[in-house]
>>> print(open('model37.txt').read())   # compact mmCIF, C-alpha atoms
# COMPACT_ATOMS: atom_id res chain seq x y z
CA MET A 1 0.00 0.00 0.00
CA ALA A 2 1.26 3.45 -0.84
CA GLY A 3 1.77 5.97 1.96
CA TYR A 4 -1.28 8.03 0.98
CA GLU A 5 -3.43 4.87 1.05
CA VAL A 6 -2.26 3.86 4.54
CA PHE A 7 -2.78 7.38 5.86
CA GLY A 8 -6.15 7.62 4.09
CA THR A 9 -7.33 4.28 5.48
CA TRP A 10 -6.45 5.40 9.01
CA VAL A 11 -8.23 8.74 8.54
CA ALA A 12 -11.33 7.00 7.10
CA ALA A 13 -11.35 4.39 9.88
CA LEU A 14 -10.98 6.93 12.70
CA LEU A 15 -13.68 9.15 11.20
CA THR A 16 -15.97 6.09 10.86
CA LEU A 17 -15.41 5.23 14.53
CA CYS A 18 -15.97 8.86 15.56
CA LEU A 19 -19.38 8.83 13.86
CA MET A 20 -20.29 5.40 15.26
CA SER A 21 -19.50 6.61 18.79
CA PHE A 22 -22.89 8.34 18.62
CA LEU A 23 -24.48 4.92 19.24
CA TYR A 24 -23.20 5.26 22.82
CA LYS A 25 -24.26 8.91 23.21
CA ASP A 26 -23.65 12.36 21.76
CA ASN A 27 -19.98 13.22 22.30
CA PRO A 28 -17.26 15.59 21.02
CA PHE A 29 -15.75 12.94 18.70
CA PHE A 30 -19.10 12.53 16.94
CA ARG A 31 -19.59 16.28 16.72
CA PHE A 32 -16.10 16.71 15.30
CA ALA A 33 -16.77 14.14 12.56
CA GLU A 34 -20.23 15.59 11.92
CA ALA A 35 -18.83 19.14 11.49
CA LEU A 36 -16.04 17.83 9.27
CA PHE A 37 -18.60 15.96 7.16
CA ALA A 38 -20.68 19.12 6.68
CA GLY A 39 -17.59 21.11 5.65
CA VAL A 40 -16.10 18.44 3.43
CA SER A 41 -19.46 17.90 1.68
CA LEU A 42 -19.75 21.59 0.93
CA GLY A 43 -16.17 21.73 -0.33
CA TYR A 44 -16.80 18.63 -2.43
CA TYR A 45 -19.76 20.28 -4.15
CA ILE A 46 -17.70 23.45 -4.74
CA GLY A 47 -15.14 21.37 -6.62
CA ILE A 48 -17.74 19.37 -8.51
CA THR A 49 -19.73 22.48 -9.49
CA LEU A 50 -16.65 24.34 -10.71
CA ASP A 51 -15.24 21.34 -12.57
CA GLN A 52 -18.38 19.84 -14.04
CA THR A 53 -20.77 22.79 -14.42
CA LEU A 54 -18.94 26.09 -14.73
CA ARG A 55 -15.74 24.85 -16.43
CA PRO A 56 -17.30 23.00 -19.41
CA ASN A 57 -20.25 25.36 -19.86
CA LEU A 58 -18.70 28.75 -19.20
CA PHE A 59 -14.92 28.88 -18.71
CA ILE A 60 -13.82 26.64 -21.59
CA PRO A 61 -16.20 28.09 -24.26
CA LEU A 62 -15.19 31.63 -23.25
CA ALA A 63 -11.49 30.75 -23.27
CA GLU A 64 -11.68 28.96 -26.63
CA GLN A 65 -14.07 31.22 -28.53
CA GLY A 66 -13.26 34.51 -26.79
CA VAL A 67 -15.53 37.55 -26.82
CA THR A 68 -17.57 36.87 -29.93
CA GLY A 69 -21.24 37.09 -30.80
CA ASP A 70 -21.63 33.35 -30.23
CA THR A 71 -20.58 33.60 -26.61
CA ALA A 72 -22.64 36.69 -25.82
CA HIS A 73 -25.33 34.65 -24.12
CA LEU A 74 -22.68 32.87 -22.01
CA ARG A 75 -21.33 36.20 -20.80
CA PHE A 76 -24.90 37.20 -20.08
CA ALA A 77 -25.34 33.98 -18.05
CA GLY A 78 -22.14 34.74 -16.12
CA LEU A 79 -23.44 38.23 -15.32
CA VAL A 80 -26.84 36.84 -14.28
CA GLY A 81 -25.03 34.37 -12.00
CA LEU A 82 -22.79 37.04 -10.49
CA ASN A 83 -25.80 39.31 -10.03
CA LEU A 84 -27.15 36.74 -7.53
CA TYR A 85 -24.39 37.87 -5.16
CA THR A 86 -25.63 41.48 -5.03
CA ARG A 87 -27.95 40.29 -2.26
CA TYR A 88 -24.97 40.74 0.06
CA ILE A 89 -24.81 44.48 -0.72
CA PRO A 90 -27.81 45.94 1.16
CA LYS A 91 -28.27 49.02 -1.06
CA ILE A 92 -28.62 46.99 -4.26
CA ALA A 93 -29.79 43.70 -2.76
CA TRP A 94 -32.93 43.83 -4.93
CA PHE A 95 -30.81 43.44 -8.08
CA ALA A 96 -30.53 39.75 -7.23
CA ARG A 97 -34.29 39.32 -7.67
CA SER A 98 -34.02 39.60 -11.45
CA SER A 99 -31.48 36.77 -11.67
CA LEU A 100 -33.53 34.66 -9.32
CA ALA A 101 -36.67 35.40 -11.36
CA LEU A 102 -35.03 34.23 -14.60
CA TYR A 103 -33.62 31.13 -12.95
CA VAL A 104 -36.81 30.11 -11.15
CA GLY A 105 -39.02 31.08 -14.12
CA TYR A 106 -37.10 28.93 -16.59
CA TYR A 107 -37.00 25.87 -14.34
CA VAL A 108 -40.69 26.03 -13.39
CA GLY A 109 -41.54 26.31 -17.11
CA ILE A 110 -39.42 23.25 -17.89
CA ASN A 111 -40.78 21.49 -14.82
CA MET A 112 -44.38 22.06 -15.86
CA VAL A 113 -43.86 20.51 -19.30
CA GLN A 114 -41.76 17.64 -17.96
CA LYS A 115 -44.21 16.76 -15.21
CA LEU A 116 -47.23 16.73 -17.47
CA GLN A 117 -45.65 15.17 -20.55
CA GLY A 118 -43.10 12.96 -18.84
CA GLU A 119 -45.02 11.76 -15.79
CA VAL A 120 -48.77 12.36 -15.75
CA LEU A 121 -49.55 11.26 -19.32
CA PRO A 122 -47.30 8.16 -19.51
CA GLN A 123 -48.37 6.98 -16.05
CA ALA A 124 -52.05 7.49 -16.87
CA ALA A 125 -51.60 5.74 -20.24
CA ALA A 126 -49.88 2.77 -18.59
CA THR A 127 -52.84 2.45 -16.21
CA MET A 128 -55.51 2.58 -18.91
CA VAL A 129 -54.80 -0.80 -20.50
CA ASP A 130 -56.94 -3.66 -21.78
CA LEU A 131 -58.46 -5.25 -18.67
CA SER A 132 -59.09 -8.56 -20.43
CA GLY A 133 -55.34 -9.30 -20.27
CA ASP A 134 -55.50 -10.95 -23.72
CA GLY A 135 -56.89 -14.10 -22.16
CA ASN A 136 -54.26 -14.29 -19.44
CA VAL A 137 -56.14 -14.36 -16.11
CA MET A 138 -53.17 -13.23 -14.02
CA SER A 139 -52.42 -10.36 -16.37
CA ALA A 140 -56.08 -9.28 -16.29
CA PHE A 141 -56.10 -9.46 -12.49
CA ASN A 142 -52.89 -7.39 -12.25
CA SER A 143 -54.27 -4.74 -14.61
CA PHE A 144 -57.45 -4.56 -12.55
CA VAL A 145 -55.55 -4.23 -9.25
CA MET A 146 -53.36 -1.55 -10.81
CA LEU A 147 -56.38 0.42 -12.07
CA VAL A 148 -58.22 0.19 -8.74
CA GLY A 149 -55.02 1.12 -6.87
CA VAL A 150 -54.25 4.20 -8.96
CA ILE A 151 -57.84 5.50 -8.90
CA THR A 152 -58.33 4.98 -5.15
CA VAL A 153 -54.94 6.52 -4.29
CA LEU A 154 -55.82 9.56 -6.40
CA MET A 155 -59.21 9.72 -4.64
CA TYR A 156 -57.40 9.74 -1.29
CA PHE A 157 -55.32 12.73 -2.46
CA PHE A 158 -58.43 14.61 -3.65
CA PHE A 159 -59.29 16.87 -0.75
CA SER A 160 -61.96 19.02 -2.41
CA VAL A 161 -64.58 16.43 -1.44
CA GLU A 162 -65.25 15.26 2.10
CA HIS A 163 -64.01 11.69 2.58
CA LYS A 164 -67.24 10.00 3.65
CA GLY A 165 -69.81 7.61 2.18
CA GLY A 166 -68.79 5.77 -0.99
CA PHE A 167 -65.96 8.23 -1.66
CA GLY A 168 -64.63 7.70 1.87
CA LYS A 169 -64.68 3.92 1.44
CA ALA A 170 -62.83 4.16 -1.88
CA SER A 171 -60.22 6.50 -0.40
CA ARG A 172 -59.76 4.03 2.49
CA ILE A 173 -58.82 1.38 -0.08
CA GLY A 174 -56.39 3.99 -1.43
CA ILE A 175 -54.84 4.20 2.05
CA TRP A 176 -54.30 0.42 2.03
CA PHE A 177 -52.43 0.68 -1.26
CA LEU A 178 -50.39 3.58 0.10
CA MET A 179 -49.55 1.64 3.28
CA LEU A 180 -48.36 -1.23 1.16
CA GLY A 181 -46.20 1.15 -0.86
CA PHE A 182 -44.79 2.78 2.30
CA GLY A 183 -44.13 -0.65 3.84
CA ALA A 184 -42.23 -1.73 0.75
CA ALA A 185 -40.27 1.54 0.71
CA PHE A 186 -39.49 1.11 4.42
CA GLY A 187 -38.29 -2.46 3.80
CA TYR A 188 -36.05 -1.25 0.99
CA THR A 189 -34.65 1.54 3.17
CA VAL A 190 -33.83 -0.91 5.97
CA MET A 191 -32.09 -3.22 3.50
CA GLY A 192 -30.12 -0.30 2.04
CA ARG A 193 -29.00 0.99 5.45
CA VAL A 194 -28.03 -2.45 6.72
CA SER A 195 -26.06 -3.04 3.54
CA LEU A 196 -24.19 0.26 4.12
CA LEU A 197 -23.50 -0.79 7.71
CA ILE A 198 -22.09 -4.12 6.53
CA GLY A 199 -19.91 -2.18 4.11
CA ARG A 200 -18.54 -0.02 6.94
CA PHE A 201 -17.81 -3.06 9.12
CA ASN A 202 -16.10 -4.76 6.19
CA PHE A 203 -13.94 -1.68 5.77
CA ILE A 204 -13.01 -1.58 9.48
CA VAL A 205 -12.29 -5.30 9.77
CA ILE A 206 -10.79 -6.14 6.38
CA GLN A 207 -9.19 -2.96 5.11
CA TRP A 208 -8.17 -1.23 8.31
CA ILE A 209 -7.47 -3.94 10.92
CA GLY A 210 -6.59 -6.63 8.35
CA GLY A 211 -4.45 -4.24 6.31
CA THR A 212 -2.61 -2.98 9.38
CA LEU A 213 -1.92 -6.51 10.65
CA GLN A 214 -0.72 -7.50 7.22
CA SER A 215 1.66 -4.57 7.02
CA LEU A 216 3.04 -5.57 10.44
CA GLY A 217 3.78 -9.03 9.10
CA PHE A 218 0.80 -10.90 10.52
CA GLY A 219 -1.50 -12.94 8.27
CA GLY A 220 -1.17 -13.74 4.57
CA MET B 1 -41.10 50.16 -8.12
CA PHE B 2 -41.13 48.66 -11.62
CA LEU B 3 -37.50 47.52 -11.43
CA ARG B 4 -37.82 46.13 -7.90
CA LEU B 5 -41.20 44.40 -8.12
CA ARG B 6 -42.72 44.21 -11.60
CA LEU B 7 -39.55 43.46 -13.61
CA PRO B 8 -38.71 40.24 -11.69
CA LEU B 9 -42.29 39.00 -12.13
CA LEU B 10 -42.17 39.86 -15.84
CA LEU B 11 -38.86 38.01 -16.21
CA THR B 12 -40.34 34.95 -14.48
CA LEU B 13 -43.30 35.01 -16.87
CA LEU B 14 -41.03 35.36 -19.92
CA ALA B 15 -38.47 32.75 -18.83
CA GLY B 16 -41.26 30.35 -17.86
CA LEU B 17 -43.22 30.73 -21.10
CA ILE B 18 -40.24 30.18 -23.43
CA PRO B 19 -39.72 26.44 -22.68
CA ILE B 20 -43.48 25.84 -22.64
CA ILE B 21 -44.02 27.48 -26.05
CA ALA B 22 -40.86 25.83 -27.45
CA PHE B 23 -42.29 22.44 -26.53
CA PHE B 24 -45.09 22.89 -29.07
CA PHE B 25 -42.79 23.70 -32.03
CA LYS B 26 -40.47 21.61 -34.20
CA ASP B 27 -36.70 22.11 -34.22
CA ASP B 28 -36.78 24.37 -37.29
CA ALA B 29 -38.82 27.03 -35.44
CA THR B 30 -35.66 28.98 -34.57
CA PHE B 31 -37.58 32.02 -33.29
CA ILE B 32 -38.41 30.04 -30.12
CA LYS B 33 -36.00 27.09 -30.19
CA LYS B 34 -32.90 29.32 -30.21
CA PRO B 35 -33.80 31.40 -27.13
CA ASN B 36 -34.89 28.17 -25.43
CA SER B 37 -31.55 26.53 -26.19
CA TRP B 38 -29.69 29.64 -24.92
CA LEU B 39 -31.72 29.62 -21.74
CA GLU B 40 -31.09 25.90 -21.33
CA GLN B 41 -27.32 26.43 -21.47
CA ASP B 42 -27.34 29.66 -19.51
CA MET B 43 -29.44 28.46 -16.60
CA VAL B 44 -27.05 25.55 -16.01
CA ILE B 45 -24.35 28.19 -15.53
CA VAL B 46 -26.58 30.25 -13.25
CA SER B 47 -27.36 27.12 -11.24
CA GLY B 48 -23.60 26.75 -10.65
CA PHE B 49 -23.44 30.27 -9.27
CA ALA B 50 -26.59 29.67 -7.20
CA LEU B 51 -25.07 26.56 -5.63
CA LEU B 52 -21.97 28.49 -4.62
CA LEU B 53 -24.24 31.13 -3.06
CA GLY B 54 -24.89 28.71 -0.20
CA VAL B 55 -21.15 28.67 0.54
CA VAL B 56 -21.20 32.39 1.34
CA ASN B 57 -24.04 31.85 3.84
CA VAL B 58 -22.22 28.99 5.56
CA VAL B 59 -18.98 30.98 5.82
CA GLN B 60 -20.82 34.02 7.18
CA SER B 61 -22.71 32.15 9.90
CA ASN B 62 -19.72 30.05 11.00
CA VAL B 63 -17.25 32.94 11.05
CA ARG B 64 -19.74 34.88 13.20
CA LYS B 65 -19.95 31.90 15.54
CA ILE B 66 -16.16 31.75 15.87
CA GLU B 67 -15.81 35.52 16.37
CA ARG B 68 -18.38 35.53 19.17
CA ARG B 69 -16.92 32.35 20.70
CA GLU B 70 -20.41 30.86 20.77
CA LYS B 71 -20.99 27.36 22.15
CA GLY B 72 -19.46 24.81 19.76
CA TRP B 73 -17.31 27.39 17.93
CA LEU B 74 -14.50 24.85 17.61
CA PHE B 75 -16.77 22.64 15.54
CA ALA B 76 -17.57 25.66 13.35
CA ALA B 77 -13.82 25.97 12.78
CA VAL B 78 -13.62 22.27 11.88
CA LEU B 79 -16.47 22.75 9.40
CA LEU B 80 -14.68 25.69 7.77
CA PHE B 81 -11.41 23.73 7.67
CA GLY B 82 -13.14 20.83 5.87
CA MET B 83 -14.85 23.20 3.47
CA PHE B 84 -11.72 25.18 2.60
CA PHE B 85 -9.58 22.04 2.30
CA MET B 86 -11.89 20.46 -0.25
CA GLY B 87 -13.07 23.76 -1.79
CA ILE B 88 -9.60 25.20 -2.45
CA PHE B 89 -8.20 21.97 -3.90
CA GLY B 90 -11.44 21.47 -5.86
CA ALA B 91 -11.27 25.00 -7.30
CA ALA B 92 -7.55 24.66 -8.09
CA GLY B 93 -8.20 21.31 -9.78
CA ALA B 94 -11.12 22.68 -11.78
CA MET B 95 -8.94 25.60 -12.97
CA ARG B 96 -5.96 23.24 -13.58
CA LEU B 97 -3.78 25.41 -11.31
CA GLY B 98 -0.59 24.33 -9.54
CA GLY B 99 0.03 21.44 -11.92
CA LEU B 100 -3.20 19.71 -10.93
CA PRO B 101 -4.67 17.60 -13.77
CA GLY B 102 -8.25 18.14 -12.53
CA ILE B 103 -10.19 16.90 -9.55
CA GLY B 104 -9.52 13.19 -10.19
CA ASN B 105 -6.24 11.29 -10.21
CA TYR B 106 -2.84 12.13 -11.69
CA PRO B 107 -1.95 10.14 -14.84
CA ASN B 108 0.07 7.69 -12.65
CA GLY B 109 -3.04 6.90 -10.58
CA THR B 110 -2.07 8.91 -7.49
CA PRO B 111 -5.08 10.91 -6.26
CA THR B 112 -5.08 14.70 -6.25
CA PRO B 113 -5.75 16.20 -2.79
CA PHE B 114 -9.42 16.66 -3.79
CA ALA B 115 -9.76 13.03 -4.92
CA TRP B 116 -7.99 11.87 -1.74
CA GLY B 117 -10.48 13.88 0.37
CA SER B 118 -13.40 12.40 -1.60
CA VAL B 119 -12.22 8.80 -1.17
CA TYR B 120 -10.91 8.90 2.39
CA MET B 121 -13.09 11.57 4.03
CA PHE B 122 -16.27 12.37 2.10
CA THR B 123 -17.30 8.83 1.07
CA PRO B 124 -16.66 7.07 4.44
CA LEU B 125 -18.32 9.90 6.36
CA GLN B 126 -21.35 9.84 4.09
CA SER B 127 -21.74 6.04 4.18
CA THR B 128 -21.31 5.88 7.95
CA MET B 129 -23.80 8.69 8.51
CA PHE B 130 -26.41 6.77 6.48
CA ALA B 131 -25.39 3.42 7.99
CA LEU B 132 -25.99 4.81 11.49
CA LEU B 133 -29.63 5.14 10.58
CA ALA B 134 -29.86 1.33 10.43
CA PHE B 135 -29.92 1.33 14.24
CA TYR B 136 -32.49 4.10 14.55
CA ILE B 137 -34.67 2.68 11.80
CA ALA B 138 -35.01 -0.48 13.93
CA SER B 139 -36.59 1.45 16.79
CA ALA B 140 -38.72 3.41 14.30
CA ALA B 141 -39.86 0.08 12.83
CA PHE B 142 -40.95 -1.12 16.25
CA ARG B 143 -43.21 1.91 16.66
CA ALA B 144 -44.52 1.91 13.08
CA PHE B 145 -45.07 -1.84 12.76
CA ARG B 146 -47.02 -2.53 15.95
CA VAL B 147 -50.18 -4.26 14.80
CA ARG B 148 -52.78 -1.76 15.99
CA ASN B 149 -55.07 -1.57 12.97
CA LEU B 150 -55.44 -2.82 9.42
CA GLU B 151 -53.26 -0.06 7.90
CA ALA B 152 -50.33 -0.78 10.26
CA THR B 153 -50.69 -4.49 9.53
CA ILE B 154 -50.48 -3.92 5.77
CA LEU B 155 -47.37 -1.77 6.37
CA LEU B 156 -45.82 -4.55 8.45
CA VAL B 157 -46.64 -7.34 6.01
CA ALA B 158 -45.32 -5.39 3.01
CA ALA B 159 -42.06 -4.47 4.76
CA VAL B 160 -41.49 -8.02 6.04
CA PHE B 161 -42.11 -9.55 2.60
CA VAL B 162 -39.78 -7.06 0.92
CA MET B 163 -37.02 -7.67 3.47
CA LEU B 164 -37.39 -11.46 3.39
CA GLY B 165 -37.70 -11.61 -0.38
CA ARG B 166 -34.46 -9.67 -0.89
CA ILE B 167 -32.16 -11.90 1.15
CA PRO B 168 -30.75 -15.23 -0.08
CA VAL B 169 -32.52 -17.33 2.58
CA GLY B 170 -35.96 -15.90 1.78
CA GLU B 171 -35.60 -15.36 -1.94
CA GLY B 172 -36.84 -18.85 -2.84
CA ALA B 173 -39.90 -18.80 -0.58
CA PHE B 174 -40.92 -15.15 -0.83
CA GLY B 175 -39.18 -13.98 -4.01
CA SER B 176 -42.18 -14.28 -6.31
CA VAL B 177 -44.66 -12.80 -3.77
CA THR B 178 -42.27 -9.91 -3.14
CA GLU B 179 -41.87 -9.36 -6.86
CA TRP B 180 -45.64 -9.28 -7.39
CA MET B 181 -46.13 -7.00 -4.41
CA MET B 182 -43.51 -4.59 -5.72
CA GLN B 183 -44.79 -4.64 -9.29
CA VAL B 184 -48.55 -4.47 -8.83
CA PRO B 185 -49.98 -3.02 -5.56
CA ASN B 186 -46.81 -1.05 -4.78
CA GLY B 187 -46.65 0.01 -8.42
CA ALA B 188 -50.24 1.25 -8.22
CA ALA B 189 -49.50 3.26 -5.07
CA GLN B 190 -46.33 4.76 -6.57
CA ARG B 191 -48.19 5.58 -9.78
CA GLY B 192 -50.95 7.35 -7.83
CA ILE B 193 -48.36 9.30 -5.85
CA ILE B 194 -46.41 10.23 -9.01
CA ILE B 195 -49.53 11.45 -10.82
CA GLY B 196 -50.74 13.41 -7.76
CA ALA B 197 -47.34 14.98 -7.08
CA ALA B 198 -46.77 15.80 -10.76
CA LEU B 199 -50.15 17.53 -11.01
CA GLY B 200 -49.36 19.48 -7.83
CA ALA B 201 -45.92 20.47 -9.16
CA ALA B 202 -47.40 21.54 -12.51
CA SER B 203 -50.03 23.69 -10.83
CA LEU B 204 -47.40 25.28 -8.58
CA SER B 205 -45.30 26.00 -11.67
CA LEU B 206 -48.26 27.72 -13.24
CA ARG B 207 -48.81 29.81 -10.09
CA VAL B 208 -45.14 30.90 -10.17
CA ILE B 209 -45.22 31.76 -13.89
CA LEU B 210 -48.40 33.80 -13.50
CA GLY B 211 -46.97 35.64 -10.49
CA ILE B 212 -49.55 34.34 -8.02
CA GLU B 213 -46.87 32.56 -6.01
CA ARG B 214 -44.06 35.05 -5.38
CA SER B 215 -42.59 34.09 -2.02
CA TYR B 216 -39.39 32.86 -3.74
CA LEU B 217 -38.62 36.53 -4.44
CA GLY B 218 -39.28 37.49 -0.84
CA LEU B 219 -42.47 39.25 -1.89
CA GLU B 220 -45.89 39.08 -0.28
CA LYS B 221 -49.04 38.52 -2.35
CA SER B 222 -50.13 42.13 -1.80
CA GLU B 223 -46.82 43.59 -3.05
>>> encode(input="model37.txt", output="structure tokens")
Amino acid sequence: MAGYEVFGTWVAALLTLCLMSFLYKDNPFFRFAEALFAGVSLGYYIGITLDQTLRPNLFIPLAEQGVTGDTAHLRFAGLVGLNLYTRYIPKIAWFARSSLALYVGYYVGINMVQKLQGEVLPQAAATMVDLSGDGNVMSAFNSFVMLVGVITVLMYFFFSVEHKGGFGKASRIGIWFLMLGFGAAFGYTVMGRVSLLIGRFNFIVIQWIGGTLQSLGFGG
Amino acid sequence: MFLRLRLPLLLTLLAGLIPIIAFFFKDDATFIKKPNSWLEQDMVIVSGFALLLGVVNVVQSNVRKIERREKGWLFAAVLLFGMFFMGIFGAAGAMRLGGLPGIGNYPNGTPTPFAWGSVYMFTPLQSTMFALLAFYIASAAFRAFRVRNLEATILLVAAVFVMLGRIPVGEGAFGSVTEWMMQVPNGAAQRGIIIGAALGAASLSLRVILGIERSYLGLEKSE
């Protein structure tokens, strides 16, 4: 193992143990690792944003093409982005609103089209299928359960009508479907977290302890 | 008044309508496709600046904490150290300064300081933070899964089947039931949620474009 790997493994292992110490109770080691995690995460996203968003979309095109008509809109975007920071200058803080308005406006416009065309219509179309199942009983049953599930869940989310009588009963069936969905999601989450935990223990036992023992001449 | 209040609302309307109108035209309709393509590229850049805006807020609040020696100021210093360590090496890598080849590894496979921080600090801290929840999720499960009524029972049964069906020992016995449960009833619930949430998001988008919803600008309805 190279020096940076050994040092890195020790840092990672000690930080892992610091965080796990929370299982005993809140303590300064946990809070140290927690604060470091918050800072490192933020720094990580600074690097990723600069390298993968601003560099390929703004810095490189401007450096390669220079100040030409083709890059005018990129310079405009840079100015709009910088204008967001005027919020820290009290006298002209309202300048930032225009940048925010453009940014929010564009993404809500995109979002509206994407949600309707990319989610509502395909999901509704996939629900409205031939209930006969082309002669396959299981397929017909599944399509029927799917249709009932989608309609009753939507009825549960429809709050303009009081949930009583026939509507209330239908929305109750919707709750059963939702509970099943939440149960499944919960089960998946548990499996995911336990798998992460196993990964951390593997790291501690195999990479850290095993690696250290191996470097000291113990084990194969 | 116009510049402070009306102009931002007008810009929201304009920027929001462009992608919607562009959606209804073919690629050769340059009058709308070109501004839409510009906006598409430009807003990615603005989103980069917007993300970095949060950094300024974090620095401000933590520096204030350190200056006033508030409780836990040492942890604020640790946070800033972590942020500057990764941020400075990340920025230098992104700008290819100081001989750095980027934010990944050197050609010989040695990690740059940013890549080292990602592998040996960011990733283990993130995985452990999420892994810790495995313990707390167990106590949450005890409260959520107590069989009190039909709804809680369905929740319990679904979770148990999913967990059993996804491990080697239970895959044979429960695999097909789990698969059906995930595909059909769970699929129906997810589909209902997706349609409901998408309709809600679309209507909120419309409210923002039309200037009915303006809290994102720090404005009240009456302003």
>>> closest_residue(input="model37.txt", among="A:Leu79, A:Gly168, A:Gly183, A:Ala72", to="chain B", atoms="only C-alpha atoms")
A:Gly183
>>> closest_atom_pairs(input="model37.txt", of="stretch 137-220 of chain A", to="stretch 167-179 of chain B", cutoff="12 Å", atoms="only C-alpha atoms", output="CSV")
residue,atom,partner,partner_atom,distance
A:Leu180,CA,B:Thr178,CA,11.4
A:Gly181,CA,B:Thr178,CA,12.0
A:Gly183,CA,B:Thr178,CA,11.7
A:Ala184,CA,B:Thr178,CA,9.1
A:Gly187,CA,B:Thr178,CA,10.9
A:Tyr188,CA,B:Ile167,CA,11.3
A:Met191,CA,B:Ile167,CA,9.0
A:Gly192,CA,B:Ile167,CA,11.8
A:Val194,CA,B:Ile167,CA,11.7
A:Ser195,CA,B:Ile167,CA,11.0
>>> atom_distance(input="model37.txt", atom1="atom CA of A:Leu121", atom2="atom CA of B:Asp27")
22.5 Å
>>> residues_around(input="model37.txt", residues="B:Gly72", least_positions_apart="4", cutoff="12 Å", atoms="all atoms listed in the file", output="PyMOL selection string")
(chain A and resi 27-28+31-32+35) or (chain B and resi 62+65-68+76-79)
>>> atom_distance(input="model37.txt", atom1="atom CA of A:Arg87", atom2="atom CA of B:Gly16")
22.8 Å
>>> closest_residue(input="model37.txt", among="B:Ile103, B:Gly218, B:Leu17, B:Phe24", to="B:Leu206", atoms="all atoms listed in the file")
B:Leu17
